[in-house]
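Visitor: Coordinates in structure16.txt, compact mmCIF, C-alpha atoms, are listed below.
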# COMPACT_ATOMS: atom_id res chain seq x y z
CA MET L 1105 -18.95 40.04 -27.01
CA THR L 1106 -22.43 41.52 -27.25
CA LYS L 1107 -25.12 38.96 -27.94
CA VAL L 1108 -28.27 39.55 -29.91
CA VAL L 1109 -29.95 36.37 -28.68
CA GLU L 1110 -29.26 34.56 -25.44
CA VAL L 1111 -30.91 31.18 -24.77
CA LYS L 1112 -30.39 29.67 -21.33
CA ASP L 1113 -31.55 26.23 -20.12
CA LEU L 1114 -34.53 26.37 -22.43
CA THR L 1115 -36.91 23.42 -22.08
CA LYS L 1116 -40.14 22.80 -23.96
CA ARG L 1117 -42.46 19.89 -23.23
CA PHE L 1118 -45.49 18.81 -25.25
CA GLY L 1119 -47.24 16.43 -22.83
CA ASN L 1120 -44.70 13.69 -22.17
CA THR L 1121 -42.51 14.65 -25.11
CA VAL L 1122 -39.48 16.80 -24.44
CA ALA L 1123 -39.03 18.90 -27.59
CA LEU L 1124 -36.21 21.03 -26.19
CA ASP L 1125 -34.04 19.81 -23.35
CA GLU L 1126 -32.13 22.53 -21.47
CA VAL L 1127 -30.88 24.23 -24.60
CA SER L 1128 -28.30 26.99 -24.12
CA PHE L 1129 -26.46 29.05 -26.73
CA ASN L 1130 -25.93 32.63 -27.86
CA LEU L 1131 -26.28 34.30 -31.24
CA GLU L 1132 -23.79 37.01 -31.99
CA PRO L 1133 -24.36 40.06 -34.17
CA ASN L 1134 -23.53 39.98 -37.88
CA THR L 1135 -23.12 36.23 -38.25
CA ILE L 1136 -24.76 33.65 -40.49
CA TYR L 1137 -25.69 30.54 -38.53
CA GLY L 1138 -26.85 27.12 -39.67
CA LEU L 1139 -29.39 25.52 -37.36
CA LEU L 1140 -29.18 21.89 -38.36
CA GLY L 1141 -30.61 18.59 -37.24
CA ARG L 1142 -33.00 15.82 -38.22
CA ASN L 1143 -36.74 16.18 -38.51
CA GLY L 1144 -38.26 16.56 -35.08
CA ALA L 1145 -34.95 17.65 -33.51
CA GLY L 1146 -36.64 20.80 -32.17
CA LYS L 1147 -35.40 23.41 -34.67
CA THR L 1148 -38.77 24.97 -35.49
CA THR L 1149 -39.87 24.91 -31.84
CA LEU L 1150 -36.68 26.69 -30.86
CA MET L 1151 -37.10 29.42 -33.47
CA SER L 1152 -40.77 29.84 -32.51
CA ILE L 1153 -39.87 30.41 -28.87
CA ILE L 1154 -37.07 32.87 -29.62
CA THR L 1155 -39.46 34.89 -31.80
CA ALA L 1156 -42.17 34.74 -29.08
CA GLN L 1157 -44.57 32.67 -31.19
CA ALA L 1158 -44.58 29.87 -28.61
CA PHE L 1159 -43.99 29.60 -24.88
CA ALA L 1160 -41.13 27.79 -23.18
CA SER L 1161 -41.83 25.31 -20.36
CA SER L 1162 -38.81 26.63 -18.50
CA GLY L 1163 -35.60 28.50 -19.12
CA LYS L 1164 -34.84 31.95 -20.43
CA VAL L 1165 -34.70 33.69 -23.79
CA GLN L 1166 -33.38 37.21 -24.19
CA VAL L 1167 -33.26 39.13 -27.45
CA PHE L 1168 -31.28 42.39 -27.55
CA GLY L 1169 -31.09 41.99 -23.78
CA GLU L 1170 -34.86 41.93 -23.27
CA GLU L 1171 -37.68 39.41 -22.97
CA PRO L 1172 -39.26 39.04 -26.41
CA TYR L 1173 -42.84 38.26 -25.26
CA GLU L 1174 -45.31 41.03 -26.12
CA ASN L 1175 -42.32 43.28 -26.60
CA ALA L 1176 -43.08 45.12 -29.84
CA GLY L 1177 -39.79 46.99 -29.72
CA VAL L 1178 -37.88 43.70 -29.86
CA LEU L 1179 -40.23 41.81 -32.17
CA ARG L 1180 -40.04 44.33 -35.02
CA ARG L 1181 -36.27 43.83 -35.13
CA MET L 1182 -36.75 40.06 -35.68
CA CYS L 1183 -38.15 38.13 -38.62
CA PHE L 1184 -39.11 34.44 -38.66
CA MET L 1185 -40.10 32.93 -42.00
CA ARG L 1186 -41.64 29.50 -41.54
CA ASP L 1187 -41.63 26.81 -44.20
CA ASN L 1188 -45.41 26.63 -43.84
CA GLN L 1189 -45.94 30.36 -43.38
CA VAL L 1190 -49.66 31.16 -43.32
CA TYR L 1191 -50.99 34.23 -45.13
CA PRO L 1192 -54.49 35.70 -44.82
CA ASP L 1193 -57.15 34.12 -47.05
CA SER L 1194 -57.39 35.45 -50.61
CA SER L 1195 -54.32 37.65 -50.11
CA LYS L 1196 -51.80 38.10 -52.91
CA PRO L 1197 -48.00 38.41 -52.63
CA VAL L 1198 -48.32 42.14 -53.17
CA HIS L 1199 -50.52 42.35 -50.03
CA ALA L 1200 -48.09 40.27 -48.00
CA PHE L 1201 -45.25 42.60 -49.01
CA ARG L 1202 -47.35 45.66 -48.09
CA ILE L 1203 -47.95 44.26 -44.60
CA ALA L 1204 -44.28 43.33 -44.23
CA ARG L 1205 -43.32 46.88 -45.18
CA LEU L 1206 -45.40 48.17 -42.25
CA CYS L 1207 -44.06 45.58 -39.81
CA PHE L 1208 -40.32 45.85 -40.48
CA PRO L 1209 -38.66 49.24 -40.00
CA ASN L 1210 -35.66 48.31 -42.20
CA TRP L 1211 -37.83 47.03 -45.06
CA ASN L 1212 -36.25 47.75 -48.45
CA GLN L 1213 -38.80 47.99 -51.23
CA ALA L 1214 -36.21 48.13 -54.03
CA LEU L 1215 -34.70 44.85 -52.86
CA ALA L 1216 -38.15 43.26 -52.63
CA GLU L 1217 -38.95 44.33 -56.19
CA ARG L 1218 -35.64 43.08 -57.50
CA LEU L 1219 -36.21 39.69 -55.81
CA VAL L 1220 -39.74 39.48 -57.27
CA ALA L 1221 -38.17 39.87 -60.73
CA ASP L 1222 -35.37 37.39 -59.94
CA PHE L 1223 -37.79 34.73 -58.74
CA ARG L 1224 -40.32 35.64 -61.47
CA LEU L 1225 -43.01 35.74 -58.82
CA PRO L 1226 -46.53 36.59 -60.02
CA VAL L 1227 -47.41 39.20 -57.38
CA ALA L 1228 -51.09 39.57 -58.31
CA THR L 1229 -51.96 35.87 -58.10
CA PRO L 1230 -53.74 34.75 -54.92
CA ILE L 1231 -51.18 33.10 -52.63
CA LYS L 1232 -53.44 30.04 -52.39
CA LYS L 1233 -52.88 29.40 -56.10
CA LEU L 1234 -49.07 29.67 -55.99
CA SER L 1235 -46.88 26.61 -56.46
CA ARG L 1236 -44.80 25.38 -53.52
CA GLY L 1237 -41.70 27.04 -54.97
CA GLN L 1238 -43.49 30.35 -55.52
CA LEU L 1239 -44.84 30.22 -51.97
CA SER L 1240 -41.28 29.75 -50.71
CA ALA L 1241 -40.22 32.71 -52.85
CA VAL L 1242 -42.76 34.93 -51.03
CA GLY L 1243 -41.16 33.96 -47.71
CA ALA L 1244 -37.61 34.36 -49.02
CA ILE L 1245 -38.42 37.84 -50.37
CA ILE L 1246 -40.01 38.99 -47.09
CA GLY L 1247 -37.17 37.52 -45.02
CA LEU L 1248 -34.47 39.22 -47.09
CA ALA L 1249 -36.16 42.57 -47.79
CA ALA L 1250 -37.14 42.94 -44.10
CA ARG L 1251 -33.43 43.33 -43.28
CA ALA L 1252 -34.33 42.48 -39.69
CA GLU L 1253 -31.40 42.45 -37.28
CA VAL L 1254 -32.15 38.79 -36.56
CA THR L 1255 -33.71 36.73 -39.34
CA PHE L 1256 -34.73 33.08 -39.10
CA PHE L 1257 -35.36 31.08 -42.26
CA ASP L 1258 -36.96 27.69 -41.64
CA GLU L 1259 -36.38 25.51 -44.72
CA PRO L 1260 -36.57 28.58 -46.95
CA TYR L 1261 -36.36 26.75 -50.25
CA LEU L 1262 -38.97 24.00 -50.23
CA GLY L 1263 -40.00 23.54 -53.85
CA PHE L 1264 -37.18 25.75 -55.15
CA ASP L 1265 -35.33 24.44 -58.18
CA ALA L 1266 -31.53 24.70 -58.34
CA ALA L 1267 -31.71 28.05 -60.13
CA ALA L 1268 -33.99 29.59 -57.50
CA ARG L 1269 -31.75 28.30 -54.69
CA GLU L 1270 -28.72 29.92 -56.33
CA ILE L 1271 -30.60 33.20 -56.59
CA PHE L 1272 -31.45 32.94 -52.90
CA TYR L 1273 -27.82 32.25 -51.85
CA ASP L 1274 -26.42 34.98 -54.10
CA ARG L 1275 -28.87 37.66 -53.00
CA LEU L 1276 -28.50 36.68 -49.37
CA LEU L 1277 -24.68 36.95 -49.50
CA GLU L 1278 -24.82 40.16 -51.49
CA ASP L 1279 -27.25 41.86 -49.15
CA TYR L 1280 -25.55 40.48 -46.06
CA ALA L 1281 -22.21 41.91 -47.26
CA GLU L 1282 -23.71 45.40 -47.51
CA HIS L 1283 -26.04 45.11 -44.53
CA PRO L 1284 -24.53 42.67 -42.04
CA ARG L 1285 -27.01 41.13 -39.60
CA THR L 1286 -27.68 37.86 -37.82
CA ILE L 1287 -29.21 35.24 -40.09
CA VAL L 1288 -30.18 31.73 -39.02
CA LEU L 1289 -30.72 29.20 -41.78
CA SER L 1290 -32.41 25.96 -40.91
CA SER L 1291 -32.08 23.49 -43.74
CA HIS L 1292 -31.63 19.88 -44.79
CA LEU L 1293 -29.43 20.86 -47.72
CA ILE L 1294 -26.39 21.08 -45.48
CA ASP L 1295 -23.60 20.71 -48.03
CA GLU L 1296 -25.20 23.29 -50.27
CA ILE L 1297 -25.18 25.97 -47.58
CA ALA L 1298 -22.03 24.87 -45.71
CA ASN L 1299 -19.80 27.54 -47.29
CA ILE L 1300 -22.23 30.31 -46.44
CA LEU L 1301 -22.39 29.46 -42.74
CA GLU L 1302 -19.96 31.03 -40.31
CA ARG L 1303 -21.18 28.95 -37.40
CA VAL L 1304 -23.20 25.77 -37.03
CA ILE L 1305 -25.55 24.71 -34.26
CA VAL L 1306 -26.75 21.11 -34.41
CA LEU L 1307 -29.82 20.03 -32.47
CA ASP L 1308 -30.57 16.39 -31.84
CA ASN L 1309 -33.48 15.15 -29.78
CA GLY L 1310 -33.94 18.61 -28.31
CA ARG L 1311 -30.30 19.01 -27.28
CA VAL L 1312 -27.46 21.04 -28.71
CA ILE L 1313 -24.82 18.49 -29.76
CA LEU L 1314 -22.57 20.80 -31.80
CA ASN L 1315 -22.06 24.56 -31.64
CA ASP L 1316 -18.91 25.53 -33.53
CA ALA L 1317 -17.32 27.67 -36.21
CA THR L 1318 -17.83 25.94 -39.57
CA ASP L 1319 -14.08 26.14 -40.24
CA ASP L 1320 -13.33 24.22 -37.05
CA LEU L 1321 -15.84 21.51 -37.93
CA ARG L 1322 -14.28 21.01 -41.33
CA ASP L 1323 -11.28 19.19 -39.89
CA ARG L 1324 -13.08 17.77 -36.89
CA ALA L 1325 -13.39 14.30 -38.44
CA VAL L 1326 -11.80 12.28 -41.23
CA VAL L 1327 -12.54 9.00 -42.98
CA ILE L 1328 -9.71 6.45 -42.96
CA ARG L 1329 -9.92 3.86 -45.74
CA GLY L 1330 -7.85 0.80 -46.48
CA ASP L 1331 -6.97 -2.70 -45.40
CA ASN L 1332 -9.15 -3.93 -42.49
CA THR L 1333 -6.37 -4.78 -40.07
CA LYS L 1334 -4.33 -1.66 -40.82
CA VAL L 1335 -7.40 0.57 -40.40
CA ALA L 1336 -8.25 -1.20 -37.14
CA ALA L 1337 -4.68 -0.71 -35.88
CA PHE L 1338 -4.68 2.99 -36.74
CA THR L 1339 -8.13 3.76 -35.36
CA ALA L 1340 -7.69 1.80 -32.11
CA GLY L 1341 -8.17 4.13 -29.16
CA ARG L 1342 -9.61 6.93 -31.31
CA ALA L 1343 -13.18 8.25 -31.17
CA VAL L 1344 -14.87 6.29 -33.94
CA ILE L 1345 -18.22 7.65 -35.05
CA HIS L 1346 -18.89 5.40 -38.04
CA ARG L 1347 -17.68 2.12 -39.55
CA GLN L 1348 -18.25 0.58 -42.94
CA ALA L 1349 -16.73 -2.54 -44.44
CA LEU L 1350 -16.41 -3.87 -47.97
CA GLY L 1351 -14.64 -7.23 -48.09
CA ALA L 1352 -11.08 -6.71 -46.95
CA LEU L 1353 -11.48 -2.94 -46.95
CA SER L 1354 -12.98 -0.74 -44.31
CA ALA L 1355 -13.85 2.92 -43.99
CA VAL L 1356 -13.86 4.33 -40.48
CA THR L 1357 -14.82 7.88 -39.52
CA VAL L 1358 -12.82 9.16 -36.57
CA LEU L 1359 -13.06 12.40 -34.63
CA GLY L 1360 -10.02 14.47 -33.85
CA HIS L 1361 -7.33 16.36 -35.68
CA LEU L 1362 -4.57 14.37 -37.38
CA THR L 1363 -1.01 15.21 -36.36
CA HIS L 1364 2.00 15.10 -38.69
CA GLN L 1365 2.94 11.73 -37.18
CA ASP L 1366 -0.58 10.47 -37.91
CA ARG L 1367 -0.29 11.58 -41.54
CA ALA L 1368 3.08 9.87 -41.86
CA ALA L 1369 1.69 6.66 -40.32
CA LEU L 1370 -1.22 6.73 -42.76
CA THR L 1371 1.08 7.09 -45.76
CA ALA L 1372 3.41 4.37 -44.48
CA ASN L 1373 0.47 1.97 -44.08
CA ASP L 1374 -1.02 2.86 -47.45
CA LEU L 1375 -4.19 4.17 -45.84
CA ASP L 1376 -6.32 6.80 -47.56
CA VAL L 1377 -7.60 9.75 -45.63
CA SER L 1378 -10.46 11.89 -46.85
CA PRO L 1379 -12.30 14.82 -45.32
CA VAL L 1380 -15.82 14.56 -43.97
CA THR L 1381 -18.31 17.01 -45.39
CA LEU L 1382 -20.38 19.08 -42.99
CA GLN L 1383 -23.44 17.04 -43.96
CA GLN L 1384 -21.69 13.73 -43.22
CA LEU L 1385 -20.40 15.09 -39.94
CA VAL L 1386 -23.88 16.20 -38.86
CA VAL L 1387 -25.41 12.88 -39.88
CA ARG L 1388 -22.68 10.90 -38.08
CA ALA L 1389 -22.89 13.13 -35.01
CA THR L 1390 -26.66 12.72 -34.73
CA GLN L 1391 -26.31 8.95 -35.24
CA ALA L 1392 -23.57 8.79 -32.62
CA ALA L 1393 -25.71 10.82 -30.20
CA ALA L 1394 -28.62 8.43 -30.76
CA GLY L 1395 -26.27 5.49 -30.14
CA THR L 1396 -25.06 6.96 -26.85
CA ALA L 1397 -28.61 7.64 -25.71
CA ALA L 1398 -29.57 4.04 -26.51
CA ASP L 1399 -26.54 2.73 -24.63
CA GLN L 1400 -27.45 4.79 -21.60
CA GLY L 1401 -31.03 3.58 -21.81
CA ALA L 1402 -29.84 -0.03 -21.94
CA ALA L 1403 -27.50 0.53 -18.99
CA ARG L 1404 -30.38 1.77 -16.89
CA MET U 994 -4.73 21.66 -56.66
CA VAL U 995 -7.62 22.08 -54.29
CA ASP U 996 -7.61 19.94 -51.22
CA ASP U 997 -11.04 19.54 -49.68
CA SER U 998 -9.60 18.72 -46.29
CA LYS U 999 -8.18 22.23 -46.08
CA ALA U 1000 -10.11 24.94 -44.33
CA LEU U 1001 -12.01 27.08 -46.78
CA PHE U 1002 -10.12 30.27 -45.95
CA LEU U 1003 -6.83 28.53 -46.77
CA GLN U 1004 -8.25 27.52 -50.14
CA ILE U 1005 -9.34 31.09 -50.82
CA ALA U 1006 -5.85 32.35 -49.94
CA GLU U 1007 -4.38 29.73 -52.27
CA ARG U 1008 -6.60 30.76 -55.17
CA ILE U 1009 -5.43 34.35 -54.79
CA GLU U 1010 -1.82 33.15 -54.64
CA ASP U 1011 -2.45 31.10 -57.80
CA SER U 1012 -3.52 34.21 -59.69
CA ILE U 1013 -0.40 36.03 -58.50
CA VAL U 1014 1.87 33.13 -59.48
CA ASP U 1015 0.36 32.72 -62.96
CA GLY U 1016 0.42 36.48 -63.52
CA HIS U 1017 -3.31 37.17 -63.68
CA LEU U 1018 -2.97 39.36 -60.64
CA ALA U 1019 0.04 41.63 -61.12
CA GLU U 1020 2.14 43.12 -58.36
CA GLU U 1021 0.81 46.47 -57.14
CA ALA U 1022 -2.59 45.60 -58.70
CA GLN U 1023 -5.72 45.73 -56.56
CA ALA U 1024 -6.78 42.34 -55.19
CA PRO U 1025 -10.45 41.32 -55.16
CA SER U 1026 -12.39 42.60 -52.15
CA THR U 1027 -13.85 40.43 -49.43
CA ASN U 1028 -17.34 40.93 -50.80
CA GLU U 1029 -16.29 40.15 -54.37
CA LEU U 1030 -14.65 36.93 -53.21
CA ALA U 1031 -17.70 36.02 -51.11
CA ALA U 1032 -20.03 36.55 -54.04
CA PHE U 1033 -17.78 34.76 -56.56
CA TYR U 1034 -17.09 31.66 -54.50
CA ARG U 1035 -20.48 31.83 -52.76
CA ILE U 1036 -18.94 31.79 -49.30
CA ASN U 1037 -19.40 33.69 -46.07
CA PRO U 1038 -17.64 37.10 -46.19
CA ALA U 1039 -15.97 36.29 -42.85
CA THR U 1040 -14.26 33.32 -44.52
CA ALA U 1041 -13.03 35.49 -47.39
CA LEU U 1042 -11.77 38.06 -44.88
CA LYS U 1043 -9.85 35.34 -43.04
CA GLY U 1044 -8.20 34.24 -46.30
CA ILE U 1045 -7.18 37.80 -47.14
CA GLY U 1046 -5.95 38.33 -43.57
CA LEU U 1047 -3.66 35.35 -43.98
CA LEU U 1048 -2.09 36.88 -47.10
CA VAL U 1049 -1.67 40.23 -45.35
CA ASP U 1050 0.15 38.51 -42.47
CA LYS U 1051 2.34 36.73 -45.02
CA GLY U 1052 3.19 40.02 -46.71
CA VAL U 1053 1.63 38.96 -50.02
CA LEU U 1054 -1.08 41.62 -49.84
CA TYR U 1055 -1.04 45.00 -48.18
CA LYS U 1056 -3.86 47.31 -47.22
CA GLN U 1057 -4.34 50.83 -48.48
CA ARG U 1058 -6.68 52.44 -46.07
CA GLY U 1059 -10.00 53.34 -47.61
CA ILE U 1060 -9.11 51.90 -51.01
CA GLY U 1061 -8.57 48.16 -50.61
CA MET U 1062 -6.01 45.38 -50.81
CA PHE U 1063 -3.04 45.40 -53.17
CA VAL U 1064 -0.44 42.84 -54.21
CA ALA U 1065 2.94 43.60 -52.63
CA SER U 1066 5.92 43.99 -54.94
CA GLY U 1067 8.13 40.94 -54.77
CA ALA U 1068 5.11 38.79 -53.86
CA ARG U 1069 5.33 36.69 -57.03
CA GLN U 1070 8.99 35.80 -56.53
CA ALA U 1071 8.38 34.97 -52.87
CA LEU U 1072 5.46 32.69 -53.76
CA LEU U 1073 7.42 30.97 -56.53
CA LYS U 1074 10.25 30.30 -54.09
CA GLU U 1075 7.81 28.90 -51.53
CA ARG U 1076 6.06 26.68 -54.05
CA ARG U 1077 9.30 25.35 -55.54
CA ALA U 1078 10.40 24.40 -52.05
CA ALA U 1079 7.13 22.51 -51.49
CA PHE U 1080 7.06 20.97 -54.98
CA SER U 1081 8.87 17.76 -54.11
CA ASP U 1082 6.64 16.94 -51.13
CA THR U 1083 3.39 17.98 -52.77
CA TYR U 1084 3.79 16.47 -56.24
CA LEU U 1085 6.77 14.12 -56.40
CA GLU U 1086 6.01 12.15 -53.25
CA PRO U 1087 2.57 10.88 -54.41
CA LEU U 1088 3.94 10.36 -57.94
CA VAL U 1089 6.81 8.22 -56.73
CA ALA U 1090 4.52 6.29 -54.37
CA GLU U 1091 2.10 5.43 -57.18
CA ALA U 1092 4.94 4.58 -59.60
CA HIS U 1093 6.38 2.25 -57.00
CA LYS U 1094 2.99 0.57 -56.58
CA LEU U 1095 2.76 0.04 -60.35
CA GLY U 1096 6.30 -1.33 -60.66
CA LEU U 1097 7.63 1.64 -62.66
CA SER U 1098 11.33 2.34 -62.21
CA ALA U 1099 12.94 5.76 -61.77
CA ASP U 1100 14.08 5.54 -65.42
CA ASP U 1101 10.55 4.69 -66.61
CA LEU U 1102 9.28 7.69 -64.70
CA ALA U 1103 11.97 9.98 -66.11
CA ALA U 1104 11.10 8.80 -69.65
CA LEU U 1105 7.40 9.54 -69.05
CA ILE U 1106 8.22 12.99 -67.69
CA ASN U 1107 10.48 13.78 -70.65
CA GLN U 1108 7.76 12.66 -73.05
CA ARG U 1109 5.19 14.93 -71.39
CA PHE U 1110 7.60 17.86 -71.46
CA SER U 1111 8.28 17.48 -75.17
CA GLU U 1112 4.53 17.14 -75.92
CA ARG U 1113 3.93 20.35 -74.05
CA THR U 1114 6.66 22.30 -75.90
CA ALA U 1115 5.54 20.83 -79.26
CA GLY U 1116 1.88 21.67 -78.58
Transcribe the structure of this file into structure tokens.
Guide:
Amino acid sequence: MTKVVEVKDLTKRFGNTVALDEVSFNLEPNTIYGLLGRNGAGKTTLMSIITAQAFASSGKVQVFGEEPYENAGVLRRMCFMRDNQVYPDSSKPVHAFRIARLCFPNWNQALAERLVADFRLPVATPIKKLSRGQLSAVGAIIGLAARAEVTFFDEPYLGFDAAAREIFYDRLLEDYAEHPRTIVLSSHLIDEIANILERVIVLDNGRVILNDATDDLRDRAVVIRGDNTKVAAFTAGRAVIHRQALGALSAVTVLGHLTHQDRAALTANDLDVSPVTLQQLVVRATQAAAGTAADQGAAR
Amino acid sequence: MVDDSKALFLQIAERIEDSIVDGHLAEEAQAPSTNELAAFYRINPATALKGIGLLVDKGVLYKQRGIGMFVASGARQALLKERRAAFSDTYLEPLVAEAHKLGLSADDLAALINQRFSERTAG
């Protein structure tokens, strides 16, 4: 499989802090990825390095098979919209779009204009005076209309209301269907974007802890609910990532696919089984990773 | 019935089957395209494609090159047969389990079912 982005053993240190710890993964063409993780997990640092806006301490990044640093040919095929994207002083959205049009060879002006209307963005107002949501709209419009072969959106909808988020998802899917490309969405609203994502990469403490097809993650874990002793009996020996108790009832999240025998045993014991949403799975996985790290620290 | 524990592409396939079973999507009619499904359900086109692929493998849909996907003739009967076979496990099993928990007998249950049926035909 051809890769558009290849990250190998990438490490980034800020003084004594390790922001990225030997991160390795590939991005394939024409795929929508979710880059997920808690605040400070290293998501923005990672996207900055791939788009040559920051330097790695060690490791390798290749985009379209080349080094991205000072490589104009590669950089114009990539677009990185930050949540705190900075625009020149006193510039207006219309100026930002004009610059974007020059920077991105696949820029589509008709799409940009349609999105301006959809988001009701005042294009002649100085960017400084825009609301947080309108500022995010500027970034969303540039990121979509650029039609770059690899597009990174870092928290693209800060300040967006539900209607604006729906516009963003709809236009993204629509345009992606006609012009497939690689899109990386970094967001906290995991459940809202789960159905859009084909693959999910989860960063925690600078490490990749999950890198899977979204469909495979969907039945990666389940919650077993019911009588304490029966739940304990069923979950014994399984990989438990979360426990909750309420009186005589408990709810335990276990990893692993349930077999037909498992399902039969659950029914026989009157135990409820419910799926884990992508958001819950990511939260549990990052908690479990933190727990393991703490255990290892204690062992040392 | 939508089961959240099912993979999304299975749910998409099921929704298409639903429309064939209830007659909204006739045999030999054109099925929605991958992009239409993606836009309507707000899902990744690859997921929609996987759902459609499943129905093609099952012989429910067939591809006409360059035009799109169509419902195979005989698809509705085949789906009805499949669903009737699964009916007892899918619907009766949980019903009987809950009735048992509530102390309802088989006769009580039959009476309730008869009542519902007559309400439905009267309404």
Visitor: Can you work out the spacing between atom CA of Arg1324 of chain L and atom CA of Leu1359 of chain L in Å, to one decimal?
Guide: 5.8 Å
Visitor: Distance atom CA of Pro1133 of chain L-atom CA of Thr1106 of chain L, one decimal place?
Guide: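 According to the coordinates, atom CA of Pro1133 of chain L and atom CA of Thr1106 of chain L are separated by 7.3 Å.
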Visitor: Using only C-alpha atoms and a distance of at most 12 Å, pull out the residues of chain L that contact chain U, as a ChimeraX atom specification.
Guide: /L:1134-1138,1269-1284,1287,1296-1303,1317-1327,1361-1362,1368,1371-1374,1376-1382
Visitor: Around all the atoms of segment 1237-1251 of chain L listed in the file, draw an axis-aligned box and extend it by 8 Å on each of the six sides; I want its centre and edge lengths in Å to one decimal, as JSON.
Guide:
{"center_x": -39.1, "center_y": 35.2, "center_z": -49.4, "size_x": 27.4, "size_y": 32.3, "size_z": 28.2}
Visitor: Measure the distance from atom CA of Asn1315 of chain L to atom CA of Gln1189 of chain L in Å and round it to one decimal.
Guide: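 Those two atoms sit 27.2 Å apart.
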Visitor: Name the residues in contact with Ile1328 of chain L at a cut-off of 10 Å, using only C-alpha atoms, excluding same-chain residues fewer than 5 positions from it; report them as a VMD selection string.
Guide: chain L and resid 1334 to 1336 1338 to 1339 1347 1354 to 1358 1370 1375 to 1379
Visitor: Kindly export the residues of the current selection with C-alpha atoms, as a PDB file, in the frame of the given file.
Guide:
ATOM      1  CA  LYS L1334      -4.330  -1.660 -40.820  1.00  0.00           C
ATOM      2  CA  VAL L1335      -7.400   0.570 -40.400  1.00  0.00           C
ATOM      3  CA  ALA L1336      -8.250  -1.200 -37.140  1.00  0.00           C
ATOM      4  CA  PHE L1338      -4.680   2.990 -36.740  1.00  0.00           C
ATOM      5  CA  THR L1339      -8.130   3.760 -35.360  1.00  0.00           C
ATOM      6  CA  ARG L1347     -17.680   2.120 -39.550  1.00  0.00           C
ATOM      7  CA  SER L1354     -12.980  -0.740 -44.310  1.00  0.00           C
ATOM      8  CA  ALA L1355     -13.850   2.920 -43.990  1.00  0.00           C
ATOM      9  CA  VAL L1356     -13.860   4.330 -40.480  1.00  0.00           C
ATOM     10  CA  THR L1357     -14.820   7.880 -39.520  1.00  0.00           C
ATOM     11  CA  VAL L1358     -12.820   9.160 -36.570  1.00  0.00           C
ATOM     12  CA  LEU L1370      -1.220   6.730 -42.760  1.00  0.00           C
ATOM     13  CA  LEU L1375      -4.190   4.170 -45.840  1.00  0.00           C
ATOM     14  CA  ASP L1376      -6.320   6.800 -47.560  1.00  0.00           C
ATOM     15  CA  VAL L1377      -7.600   9.750 -45.630  1.00  0.00           C
ATOM     16  CA  SER L1378     -10.460  11.890 -46.850  1.00  0.00           C
ATOM     17  CA  PRO L1379     -12.300  14.820 -45.320  1.00  0.00           C
TER      18      PRO L1379
END
Visitor: For a quick check of your reading of the model, name the residues lying within 8 Å of the coordinate (-8.7, 32.4, -44.6), counting all atoms listed in the file, and write them as an MDAnalysis selection string.
Guide: chainID U and resid 1000:1006 1040:1047
Visitor: Identify, on the basis of all atoms listed in the file, every residue whose closest approach to Asp1113 of chain L does not exceed 10 Å; exclude the query and any residue fewer than 4 positions from it along the same chain; express the result as a list in words.
Guide: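 After dropping sequence-adjacent residues, the list is Leu1124, Asp1125, Glu1126, Val1127, Ser1128, Phe1129, Ser1162, Gly1163, Lys1164 and Val1165 of chain L.
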